[in-house]
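Asker: Sharing run_8.csv, CSV, C-alpha atoms:
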chain,number,residue,atom,x,y,z
A,1,MET,CA,28.5,-28.6,19.8
A,2,LYS,CA,25.8,-31.3,19.6
A,3,ILE,CA,23.4,-29.0,21.5
A,4,SER,CA,23.9,-26.1,19.1
A,5,LEU,CA,23.4,-28.4,16.0
A,6,LEU,CA,20.3,-29.8,17.6
A,7,PHE,CA,19.0,-26.3,18.3
A,8,LEU,CA,19.8,-25.2,14.8
A,9,LEU,CA,18.0,-28.2,13.3
A,10,LEU,CA,15.0,-27.6,15.6
A,11,LEU,CA,14.8,-23.9,14.6
A,12,THR,CA,15.0,-24.8,10.9
A,13,CYS,CA,12.2,-27.3,11.2
A,14,ILE,CA,9.9,-24.8,13.1
A,15,SER,CA,10.3,-22.2,10.4
A,16,CYS,CA,9.4,-24.8,7.7
A,17,SER,CA,5.8,-25.2,6.6
A,18,ASP,CA,4.1,-27.7,4.4
A,19,GLU,CA,1.7,-25.1,3.0
A,20,ALA,CA,2.5,-23.5,-0.3
A,21,GLU,CA,3.2,-19.8,-0.1
A,22,PHE,CA,2.2,-19.0,-3.7
A,23,TYR,CA,-0.4,-20.3,-6.2
A,24,SER,CA,0.2,-20.4,-9.9
A,25,VAL,CA,-2.5,-20.6,-12.6
A,26,GLU,CA,-2.2,-20.8,-16.4
A,27,SER,CA,-2.9,-17.5,-18.2
A,28,PHE,CA,-4.9,-17.3,-21.5
A,29,ASN,CA,-3.6,-17.7,-25.0
A,30,ASP,CA,-5.6,-14.9,-26.6
A,31,SER,CA,-4.6,-11.4,-25.8
A,32,PHE,CA,-8.2,-10.1,-25.0
A,33,THR,CA,-9.0,-12.7,-22.4
A,34,ASN,CA,-5.6,-12.5,-20.8
A,35,GLY,CA,-5.8,-8.7,-20.7
A,36,LEU,CA,-9.2,-8.9,-19.1
A,37,PHE,CA,-8.0,-11.4,-16.5
A,38,ILE,CA,-5.0,-9.2,-15.6
A,39,SER,CA,-7.1,-6.1,-15.4
A,40,LYS,CA,-9.5,-7.9,-13.0
A,41,LEU,CA,-6.5,-8.8,-10.8
A,42,MET,CA,-5.4,-5.2,-10.8
A,43,ASN,CA,-8.9,-3.8,-10.2
A,44,ASN,CA,-9.2,-6.2,-7.2
A,45,ASN,CA,-5.8,-5.1,-5.8
A,46,ILE,CA,-4.4,-8.6,-6.2
A,47,PRO,CA,-0.6,-8.4,-6.6
A,48,TYR,CA,0.6,-10.8,-9.2
A,49,GLN,CA,3.7,-11.7,-11.3
A,50,TYR,CA,4.4,-14.0,-14.1
A,51,ASP,CA,5.7,-17.4,-12.9
A,52,TYR,CA,9.0,-17.6,-14.7
A,53,GLN,CA,9.7,-21.0,-13.3
A,54,MET,CA,6.6,-22.4,-15.0
A,55,GLY,CA,7.0,-20.1,-18.0
A,56,GLU,CA,5.5,-16.8,-18.8
A,57,ASP,CA,2.2,-18.5,-19.5
A,58,TYR,CA,1.4,-18.7,-15.8
A,59,VAL,CA,0.4,-16.1,-13.3
A,60,LEU,CA,1.7,-16.3,-9.7
A,61,VAL,CA,-0.2,-14.9,-6.6
A,62,HIS,CA,0.2,-15.3,-2.9
A,63,PHE,CA,-1.7,-18.3,-1.7
A,64,SER,CA,-4.1,-16.2,0.3
A,65,PHE,CA,-5.6,-14.9,-3.0
A,66,LYS,CA,-6.1,-18.4,-4.5
A,67,GLU,CA,-9.9,-18.4,-4.3
A,68,SER,CA,-10.2,-14.9,-5.7
A,69,LEU,CA,-7.8,-15.8,-8.5
A,70,ILE,CA,-9.7,-18.9,-9.5
A,71,GLN,CA,-13.0,-16.9,-9.5
A,72,LEU,CA,-11.6,-14.0,-11.5
A,73,ARG,CA,-10.2,-16.5,-14.0
A,74,LYS,CA,-13.6,-18.1,-14.4
A,75,ASP,CA,-15.3,-14.7,-14.8
A,76,SER,CA,-12.7,-13.6,-17.4
A,77,LEU,CA,-13.2,-16.8,-19.4
A,78,LYS,CA,-17.0,-16.5,-19.3
A,79,GLU,CA,-17.1,-12.7,-20.1
A,80,ALA,CA,-14.6,-13.1,-23.0
A,81,LYS,CA,-16.8,-15.5,-24.8
A,82,SER,CA,-19.4,-12.8,-25.4
A,83,LEU,CA,-17.9,-9.6,-26.9
A,84,SER,CA,-19.2,-6.5,-28.5
A,85,LEU,CA,-17.5,-4.4,-31.3
A,86,ILE,CA,-18.0,-0.7,-31.3
A,87,ASN,CA,-17.5,0.6,-34.9
A,88,LEU,CA,-16.2,4.2,-35.0
A,89,GLU,CA,-16.0,6.7,-37.8
A,90,ASN,CA,-12.3,7.7,-37.4
A,91,GLU,CA,-9.2,7.0,-35.4
A,92,CYS,CA,-9.5,10.2,-33.5
A,93,SER,CA,-12.8,9.0,-32.0
A,94,GLN,CA,-11.3,5.6,-31.3
A,95,GLN,CA,-8.4,7.2,-29.3
A,96,ASN,CA,-10.7,9.5,-27.4
A,97,LEU,CA,-13.2,6.7,-26.6
A,98,SER,CA,-10.3,4.4,-25.6
A,99,GLN,CA,-9.1,7.1,-23.2
A,100,LYS,CA,-12.6,7.5,-21.7
A,101,PHE,CA,-12.7,3.7,-21.1
A,102,LYS,CA,-9.3,3.8,-19.5
A,103,GLU,CA,-10.4,6.5,-17.1
A,104,SER,CA,-13.5,4.5,-16.2
A,105,ASN,CA,-11.5,1.2,-15.7
A,106,VAL,CA,-13.4,-0.5,-18.6
A,107,PHE,CA,-11.1,-3.1,-20.2
A,108,HIS,CA,-11.1,-2.8,-24.0
A,109,MET,CA,-9.0,-3.5,-27.0
A,110,THR,CA,-8.6,-1.2,-30.0
A,111,LEU,CA,-8.4,-2.7,-33.5
A,112,ASN,CA,-8.8,-1.8,-37.2
A,113,LYS,CA,-10.5,-4.2,-39.6
A,114,ARG,CA,-10.8,-3.2,-43.2
A,115,SER,CA,-9.7,0.3,-42.3
A,116,ILE,CA,-12.6,0.7,-39.9
A,117,PRO,CA,-11.5,1.7,-36.3
A,118,MET,CA,-13.2,-0.4,-33.7
A,119,ILE,CA,-13.1,-1.0,-29.9
A,120,ARG,CA,-13.8,-4.5,-28.5
A,121,VAL,CA,-15.4,-4.8,-25.0
A,122,THR,CA,-17.3,-7.5,-23.2
A,123,ASN,CA,-21.1,-7.7,-23.6
A,124,LYS,CA,-21.3,-7.3,-19.8
A,125,ASP,CA,-19.4,-4.0,-20.0
A,126,HIS,CA,-21.2,-2.9,-23.2
A,127,SER,CA,-24.6,-3.2,-21.5
A,128,SER,CA,-23.5,-1.5,-18.3
A,129,GLN,CA,-24.7,2.0,-17.3
A,130,LYS,CA,-21.1,3.3,-17.1
A,131,VAL,CA,-20.4,2.4,-20.8
A,132,SER,CA,-23.8,3.5,-22.0
A,133,ALA,CA,-23.2,6.9,-20.4
A,134,ILE,CA,-19.8,7.2,-22.0
A,135,LEU,CA,-21.2,6.2,-25.4
A,136,ASN,CA,-24.1,8.6,-25.2
A,137,ALA,CA,-21.8,11.5,-24.4
A,138,TYR,CA,-20.5,13.4,-27.4
A,139,ASP,CA,-17.3,14.8,-25.9
A,140,TRP,CA,-15.1,11.9,-27.2
A,141,ARG,CA,-16.4,12.1,-30.8
A,142,CYS,CA,-14.3,13.8,-33.5
A,143,ASP,CA,-15.9,15.3,-36.6
Translate this structure into structure tokens?
Answerer:
Amino acid sequence: MKISLLFLLLLTCISCSDEAEFYSVESFNDSFTNGLFISKLMNNNIPYQYDYQMGEDYVLVHFSFKESLIQLRKDSLKEAKSLSLINLENECSQQNLSQKFKESNVFHMTLNKRSIPMIRVTNKDHSSQKVSAILNAYDWRCD
């Protein structure tokens, strides 16, 4: 009996580890920055979930992604400080352009200010060749 308890205790201790299996980081308060951060996680194939033990304001990833998570969070914060607004003539164009951005994995946010349809993107994306090509195309515009 003592031998089996000792063996069970030894087996339990071997399977234990002092290293954390997951890493949790605080998400952002504003919806654009948080959305940008989450889209970067998805585009980099980093599986995540909200850390419900810490509250929904935290994102949880496997510990092996810790360094990537920290870098993507820094990048998101930096990029979200410099934004561009694209003013559009109508909501039809807004919806079509939004769809083009989704197809190209460009994170954006649609909004209306003073009845003017707009799309918000980061300056980094706005100055990219991919976004420039989309904006120069006329297939998303509605008359």
Asker: List the neighbours of range 91-93 of chain A out to 8 Å using all atoms listed in the file; skip same-chain residues closer than 3 positions along the sequence, and give me the result as a list in words.
Answerer: Leu88, Asn96, Leu97, Pro117, Trp140, Arg141 and Cys142 of chain A
Asker: Can you measure CA of Thr110 in chain A to CA of Leu85 in chain A for me? One decimal in Å is fine.
Answerer: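 Those two atoms sit 9.5 Å apart.
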Asker: What does the structure give for the distance between CA of Lys74 in chain A and CA of Asn87 in chain A, in Å to one decimal?
Answerer: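 Separating CA of Lys74 in chain A from CA of Asn87 in chain A is a distance of 28.0 Å.
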Asker: List as a PDB file with C-alpha atoms, keeping the file's coordinate frame the protein and nucleic acid residues near range 63-66 of chain A, meaning an atom at most 7 Å away when all atoms listed in the file are counted, but skip any in the same chain fewer than 4 places from it.
Answerer:
ATOM      1  CA  ALA A  20       2.500 -23.500  -0.300  1.00  0.00           C
ATOM      2  CA  GLU A  21       3.200 -19.800  -0.100  1.00  0.00           C
ATOM      3  CA  PHE A  22       2.200 -19.000  -3.700  1.00  0.00           C
ATOM      4  CA  TYR A  23      -0.400 -20.300  -6.200  1.00  0.00           C
ATOM      5  CA  ILE A  70      -9.700 -18.900  -9.500  1.00  0.00           C
TER       6      ILE A  70
END
Asker: Show which residues sit within 10 Å of Asn123 in chain A, as a ChimeraX atom specification. Count only C-alpha atoms, and ignore same-chain residues fewer than 4 positions away.
Answerer: /A:79-85,127-128
Asker: Could you list, as a list in words, every residue within 9 Å of Lys40 in chain A, counting only C-alpha atoms and ignoring same-chain residues fewer than 5 positions away?
Answerer: Gly35, Asn45, Ile46, Leu72, Arg73, Ser76 and Phe107 of chain A
Asker: Could you tell me how far CA of Phe32 in chain A sits from CA of His108 in chain A, in Å to one decimal place?
Answerer: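 One can read the CA of His108 in chain A to CA of Phe32 in chain A distance as 7.9 Å.
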Asker: Restricting the calculation to only C-alpha atoms: of A:Asp139, A:Ala133, A:Glu26, A:Leu36, which residue gets closest to Leu77 in chain A?
Answerer: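 Smallest distance to Leu77 in chain A is found for A:Leu36.
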Asker: Go through A:Gln99, A:Asn90, A:Ser24, A:Ser132 and flag the residue nearest Met54 in chain A, using only C-alpha atoms for the distances.
Answerer: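 So, comparing all the options, the nearest one is A:Ser24.
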Asker: Identify which of the residues A:Asp143, A:Asn112, A:Gln95, A:Phe101 lies closest to Val131 in chain A, counting only C-alpha atoms when measuring atom-to-atom distances.
Answerer: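 That would be A:Phe101, the residue with the smallest distance to Val131 in chain A.
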Asker: Which of these, A:Gln129, A:Gln53, A:Ser68, A:Ser39, has the shortest distance to Asn105 in chain A once you count only C-alpha atoms?
Answerer: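 Nearest to Asn105 in chain A: A:Ser39.
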